[in-house]
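Beneath this line is the structure, given in structure tokens, with notes to follow.
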Amino acid sequence: MTEGADLATLMAAVMDDGSGTITPPIVQTSLFSFDSYEAFEDRMAGRSDAAIYTRVQNPTVAAFEALMAKAEQGEAAVGFASGMAAISSTLLAFVKPGDRIACVEHVYPDSYRFMERMLRPFGVEIYYYAPHQLEEEPELLNGVRLAYLESPSSVVFQPLNLKKVTAHAKRHGVLTMIDNSWASPVFQKPLAQGVDIVLHSASKYISGHSDTVAGVVVASQQHIDRIRDLTLPLLGAKLAPFEAFLLTRGLRTLAVRMRQHQATATLFVDRLAALPQVRRVHSPGPNAVPGLTGRSGLMAVEFDDSVDIPAFSNALRHFRLGVSWGGFESLILPARVGLAQIGEENSMQRFGVSPNLVRLNLGLEEAEDLWADVTSALATSTV
Ligand SMILES: *Cc1c(COP(=O)(O)O)cnc(C)c1O
């Protein structure tokens, strides 16, 4: 994997401020002052690009953004206070009332809620499609402004052939945007597949330690400039310098962590499929679609009616009950619990997801310890 080496080269360049430090300094300041009236005026008139104010520009944040642009093979990046800030600020920069969005089904539930509760009341139309529809029915994109994608999707992890969808989108002049949190740039580089804008909840694999909430968007300079001009300054959901420092730390080990998540996930997929109580495992592997090169540690397992899901969840020792994912600790999120939070507008109900489904986040603990935990919990919760 050249991934690690590429990032290491850039990491060294980004840190090379002559001070000899090998981590980026945390520039904890709200504003940047100027040496003279003239320098100040030049900056305000756009004749220099010195930092003015941390809501729009900060060196620690810029170091992280440069690394993310490199990791996703994009021209530029912009950090945000959360994955949802990245999603909402990007959508609001590119859609207006009367526009149509084509959205893949089973997106992250709060992305779905943002579309339904925020964009729809402002007059944006949103249509949801299964991956095979987006791949095989290009006419669906006729008249659409933006295609909002996840591959694989949340909840049931359906992969999408990005090459096919972006080819249709280009023909219809549709802007494409993808949430790449699941695969991380280590296992999927959507810009290389023709997607216009890629974003992450950096709270997940990029942070990698369940200690940060953050987001990031990577795209062409032109698209990033539009976000920097409109929604970054005017909605103001900026990434903080300390969070950016933590994310840069996370990027150092991203490739190694993803390899470990993949090893554990592969072991789980094979063994889960062989259990009599398991109806289906939702976990796309390498080459499930072109451009997907690995299997991350987030998957869903559908049990049959013999498994008492609450008893199974309570019997687990390593897997903790909780939302989010992508850190060291393994987690379980039963579908029924997810439904309880989100209620009737949830896409799982709309699209008929089984209540016997559980989402597992396979962490970085010993794979055999995790597997022993699952089998012993199943032994006490199967009727
Ligand atoms: C968690 C998550 C988000 C939202 O990110 P936050 O950092 O929690 O705001 C978006 N997309 C996916 C796929 C996620 O799992």
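Ligands are numbered from 1 in the order shown, residues from 1 within each chain, and chains are lettered A, B, ... in the order they appear in the structure tokens.
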Hey, which residues sit close to ligand 1? Say within 8 Å, counting only C-alpha atoms and all ligand atoms, and write them as a PyMOL selection string.
chain A and resi 81-87+107-108+110-111+150+153-154+179-182+200-204+213-215+324-325
Filtering to N, CA and C atoms, could you give me those residues as a JSON list (two decimals), in the first residue's frame?
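The new file selection18.json reads:
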[["chain", "number", "residue", "atom", "x", "y", "z"],
["A", 81, "ALA", "N", -16.90, 21.48, 11.84],
["A", 81, "ALA", "CA", -17.05, 21.11, 13.25],
["A", 81, "ALA", "C", -17.61, 19.70, 13.45],
["A", 82, "SER", "N", -18.26, 19.15, 12.42],
["A", 82, "SER", "CA", -18.81, 17.80, 12.52],
["A", 82, "SER", "C", -19.07, 17.29, 11.12],
["A", 83, "GLY", "N", -19.35, 16.00, 11.02],
["A", 83, "GLY", "CA", -19.74, 15.45, 9.72],
["A", 83, "GLY", "C", -21.02, 16.10, 9.23],
["A", 84, "MET", "N", -21.98, 16.31, 10.15],
["A", 84, "MET", "CA", -23.24, 16.95, 9.73],
["A", 84, "MET", "C", -23.02, 18.38, 9.27],
["A", 85, "ALA", "N", -22.08, 19.08, 9.89],
["A", 85, "ALA", "CA", -21.76, 20.45, 9.44],
["A", 85, "ALA", "C", -21.19, 20.39, 8.02],
["A", 86, "ALA", "N", -20.36, 19.41, 7.74],
["A", 86, "ALA", "CA", -19.79, 19.25, 6.39],
["A", 86, "ALA", "C", -20.91, 18.97, 5.39],
["A", 87, "ILE", "N", -21.85, 18.09, 5.77],
["A", 87, "ILE", "CA", -22.95, 17.71, 4.87],
["A", 87, "ILE", "C", -23.89, 18.89, 4.64],
["A", 107, "VAL", "N", -29.41, 6.45, 3.51],
["A", 107, "VAL", "CA", -28.30, 7.31, 3.91],
["A", 107, "VAL", "C", -28.28, 7.44, 5.43],
["A", 108, "TYR", "N", -27.19, 7.97, 5.93],
["A", 108, "TYR", "CA", -27.04, 8.24, 7.36],
["A", 108, "TYR", "C", -28.30, 8.95, 7.86],
["A", 110, "ASP", "N", -29.28, 11.14, 10.04],
["A", 110, "ASP", "CA", -29.35, 12.59, 10.19],
["A", 110, "ASP", "C", -29.18, 13.31, 8.85],
["A", 111, "SER", "N", -28.55, 12.69, 7.87],
["A", 111, "SER", "CA", -28.50, 13.28, 6.53],
["A", 111, "SER", "C", -29.91, 13.25, 5.94],
["A", 150, "GLU", "N", -23.98, 7.59, -0.86],
["A", 150, "GLU", "CA", -23.12, 6.92, 0.12],
["A", 150, "GLU", "C", -22.83, 5.57, -0.49],
["A", 153, "SER", "N", -24.02, 2.26, 1.62],
["A", 153, "SER", "CA", -24.97, 3.08, 2.36],
["A", 153, "SER", "C", -24.89, 2.76, 3.85],
["A", 154, "SER", "N", -25.53, 3.60, 4.66],
["A", 154, "SER", "CA", -25.65, 3.31, 6.08],
["A", 154, "SER", "C", -26.69, 2.20, 6.26],
["A", 179, "ASP", "N", -20.68, 10.65, 0.74],
["A", 179, "ASP", "CA", -20.21, 10.47, 2.11],
["A", 179, "ASP", "C", -19.33, 9.22, 2.11],
["A", 180, "ASN", "N", -18.01, 9.42, 2.28],
["A", 180, "ASN", "CA", -17.04, 8.31, 2.18],
["A", 180, "ASN", "C", -16.53, 7.87, 3.56],
["A", 181, "SER", "N", -17.32, 8.13, 4.60],
["A", 181, "SER", "CA", -16.86, 7.83, 5.96],
["A", 181, "SER", "C", -16.57, 6.34, 6.17],
["A", 182, "TRP", "N", -17.40, 5.47, 5.60],
["A", 182, "TRP", "CA", -17.27, 4.03, 5.84],
["A", 182, "TRP", "C", -15.95, 3.48, 5.31],
["A", 200, "HIS", "N", -16.48, 13.51, 4.69],
["A", 200, "HIS", "CA", -16.35, 12.53, 5.78],
["A", 200, "HIS", "C", -16.92, 13.05, 7.07],
["A", 201, "SER", "N", -17.49, 12.15, 7.85],
["A", 201, "SER", "CA", -17.56, 12.39, 9.27],
["A", 201, "SER", "C", -16.18, 11.99, 9.79],
["A", 202, "ALA", "N", -15.34, 12.97, 10.09],
["A", 202, "ALA", "CA", -13.98, 12.67, 10.57],
["A", 202, "ALA", "C", -14.01, 12.18, 12.02],
["A", 203, "SER", "N", -15.22, 12.20, 12.61],
["A", 203, "SER", "CA", -15.41, 11.64, 13.96],
["A", 203, "SER", "C", -15.15, 10.13, 13.97],
["A", 204, "LYS", "N", -15.19, 9.51, 12.80],
["A", 204, "LYS", "CA", -15.14, 8.05, 12.71],
["A", 204, "LYS", "C", -13.70, 7.59, 12.45],
["A", 213, "VAL", "N", -15.34, 15.12, 17.46],
["A", 213, "VAL", "CA", -16.42, 15.22, 16.48],
["A", 213, "VAL", "C", -15.99, 16.25, 15.44],
["A", 214, "ALA", "N", -15.92, 15.84, 14.17],
["A", 214, "ALA", "CA", -15.40, 16.73, 13.13],
["A", 214, "ALA", "C", -15.83, 16.23, 11.76],
["A", 215, "GLY", "N", -15.69, 17.11, 10.76],
["A", 215, "GLY", "CA", -16.01, 16.74, 9.39],
["A", 215, "GLY", "C", -15.05, 17.38, 8.42],
["A", 324, "SER", "N", -22.25, 5.95, 16.96],
["A", 324, "SER", "CA", -20.96, 6.27, 16.37],
["A", 324, "SER", "C", -20.14, 5.00, 16.15],
["A", 325, "TRP", "N", -18.93, 5.14, 15.65],
["A", 325, "TRP", "CA", -18.11, 3.99, 15.28],
["A", 325, "TRP", "C", -16.76, 4.51, 14.81]]
Extract the full set of strand (DSSP E) residues from range 60-303 of chain A according to DSSP on the backbone, and format it as a PyMOL selection string.
chain A and resi 76-80+100-104+125-129+146-150+175-179+197-201+215-219+278-282+298-303
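The smallest atom-to-atom distance between Ala237 in chain A and any of A:Ala51, A:Ala39, A:Val281, A:Val78, using only C-alpha atoms, is found for A:Val78.
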Counting only C-alpha atoms, what is within 9 Å of Met115 in chain A, bar same-chain residues fewer than 6 positions away, as a ChimeraX atom specification?
/A:88,121,124-126
Could you tell me, as a PyMOL selection string, which residues of range 102-196 of chain A DSSP assigns to helix (DSSP H, G or I) when given the backbone?
chain A and resi 109-122+131-136+138-141+162-171+184-187+190-193
Contact residues around Ala311 in chain A with only C-alpha atoms at 9 Å, ignoring same-chain residues under 4 positions, as a PDB file with C-alpha atoms, in the first residue's frame:
ATOM      1  CA  VAL A 307     -32.051 -14.687  18.803  1.00  0.00           C
ATOM      2  CA  ALA A 315     -24.567 -10.448  27.253  1.00  0.00           C
ATOM      3  CA  LEU A 316     -21.706  -8.959  25.199  1.00  0.00           C
ATOM      4  CA  ALA A 377     -23.383 -14.065  24.036  1.00  0.00           C
ATOM      5  CA  LEU A 378     -25.294 -15.948  21.317  1.00  0.00           C
ATOM      6  CA  THR A 380     -27.087 -17.427  26.195  1.00  0.00           C
ATOM      7  CA  SER A 381     -29.541 -15.491  24.010  1.00  0.00           C
ATOM      8  CA  THR A 382     -30.732 -18.024  21.413  1.00  0.00           C
TER       9      THR A 382
END
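Each of A:Leu92, A:Leu321, A:Leu162, A:Ala255 was checked against Leu235 in chain A using only C-alpha atoms; the smallest atom-to-atom distance is that of A:Leu92.
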What's around Glu135 in chain A at 9 Å? Count only C-alpha atoms, leave out sequence neighbours fewer than 6 positions away in its own chain, and write the answer as a VMD selection string.
chain A and resid 160 to 165 168
Fewer than 6 positions away in the same chain doesn't count, so skip those; otherwise give me all residues within 9 Å of Lys96 in chain A, counting only C-alpha atoms, as a VMD selection string.
chain A and resid 119 122 to 124
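When CA of Gly327 in chain A is paired with CA of Ala8 in chain A, their separation reads 21.6 Å.
Compared by their closest atoms to Met177 in chain A, and using only C-alpha atoms, the residues A:Gly194, A:Gly18, A:Pro355, A:Gly74 rank with A:Gly194 nearest.
If you measure from each of A:Val195, A:Cys103, A:Leu362, A:Val174 to Gln262 in chain A using only C-alpha atoms, the closest one turns out to be A:Leu362.
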Nearest candidate to Val278 in chain A (options A:Gln260, A:Leu357, A:Asp211, A:Gly250; using only C-alpha atoms):
A:Leu357
Residues near range 263-269 of chain A, anyone? I mean within 8 Å using only C-alpha atoms, not counting same-chain ones fewer than 3 positions away, as a PyMOL selection string.
chain A and resi 259-260+272-273+281+283+295-298+362+367+371
Selected residues written out with C-alpha atoms, as a PDB file, in the first residue's frame:
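Listed below is the output, out14.pdb:
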ATOM      1  CA  ARG A 259      -5.794  -3.015   7.703  1.00  0.00           C
ATOM      2  CA  GLN A 260      -6.582  -4.295  11.207  1.00  0.00           C
ATOM      3  CA  LEU A 272     -20.998 -15.245  10.968  1.00  0.00           C
ATOM      4  CA  ALA A 273     -22.207 -16.594   7.621  1.00  0.00           C
ATOM      5  CA  VAL A 281     -24.376 -10.322   6.822  1.00  0.00           C
ATOM      6  CA  SER A 283     -20.544  -6.132   4.652  1.00  0.00           C
ATOM      7  CA  ARG A 295     -13.660  -4.061   3.918  1.00  0.00           C
ATOM      8  CA  SER A 296     -14.063  -1.751   6.869  1.00  0.00           C
ATOM      9  CA  GLY A 297     -15.042  -2.797  10.382  1.00  0.00           C
ATOM     10  CA  LEU A 298     -18.635  -1.528  10.321  1.00  0.00           C
ATOM     11  CA  LEU A 362     -15.489  -4.053  14.990  1.00  0.00           C
ATOM     12  CA  ALA A 367     -10.222 -10.464  16.763  1.00  0.00           C
ATOM     13  CA  TRP A 371     -15.407 -13.525  18.231  1.00  0.00           C
TER      14      TRP A 371
END
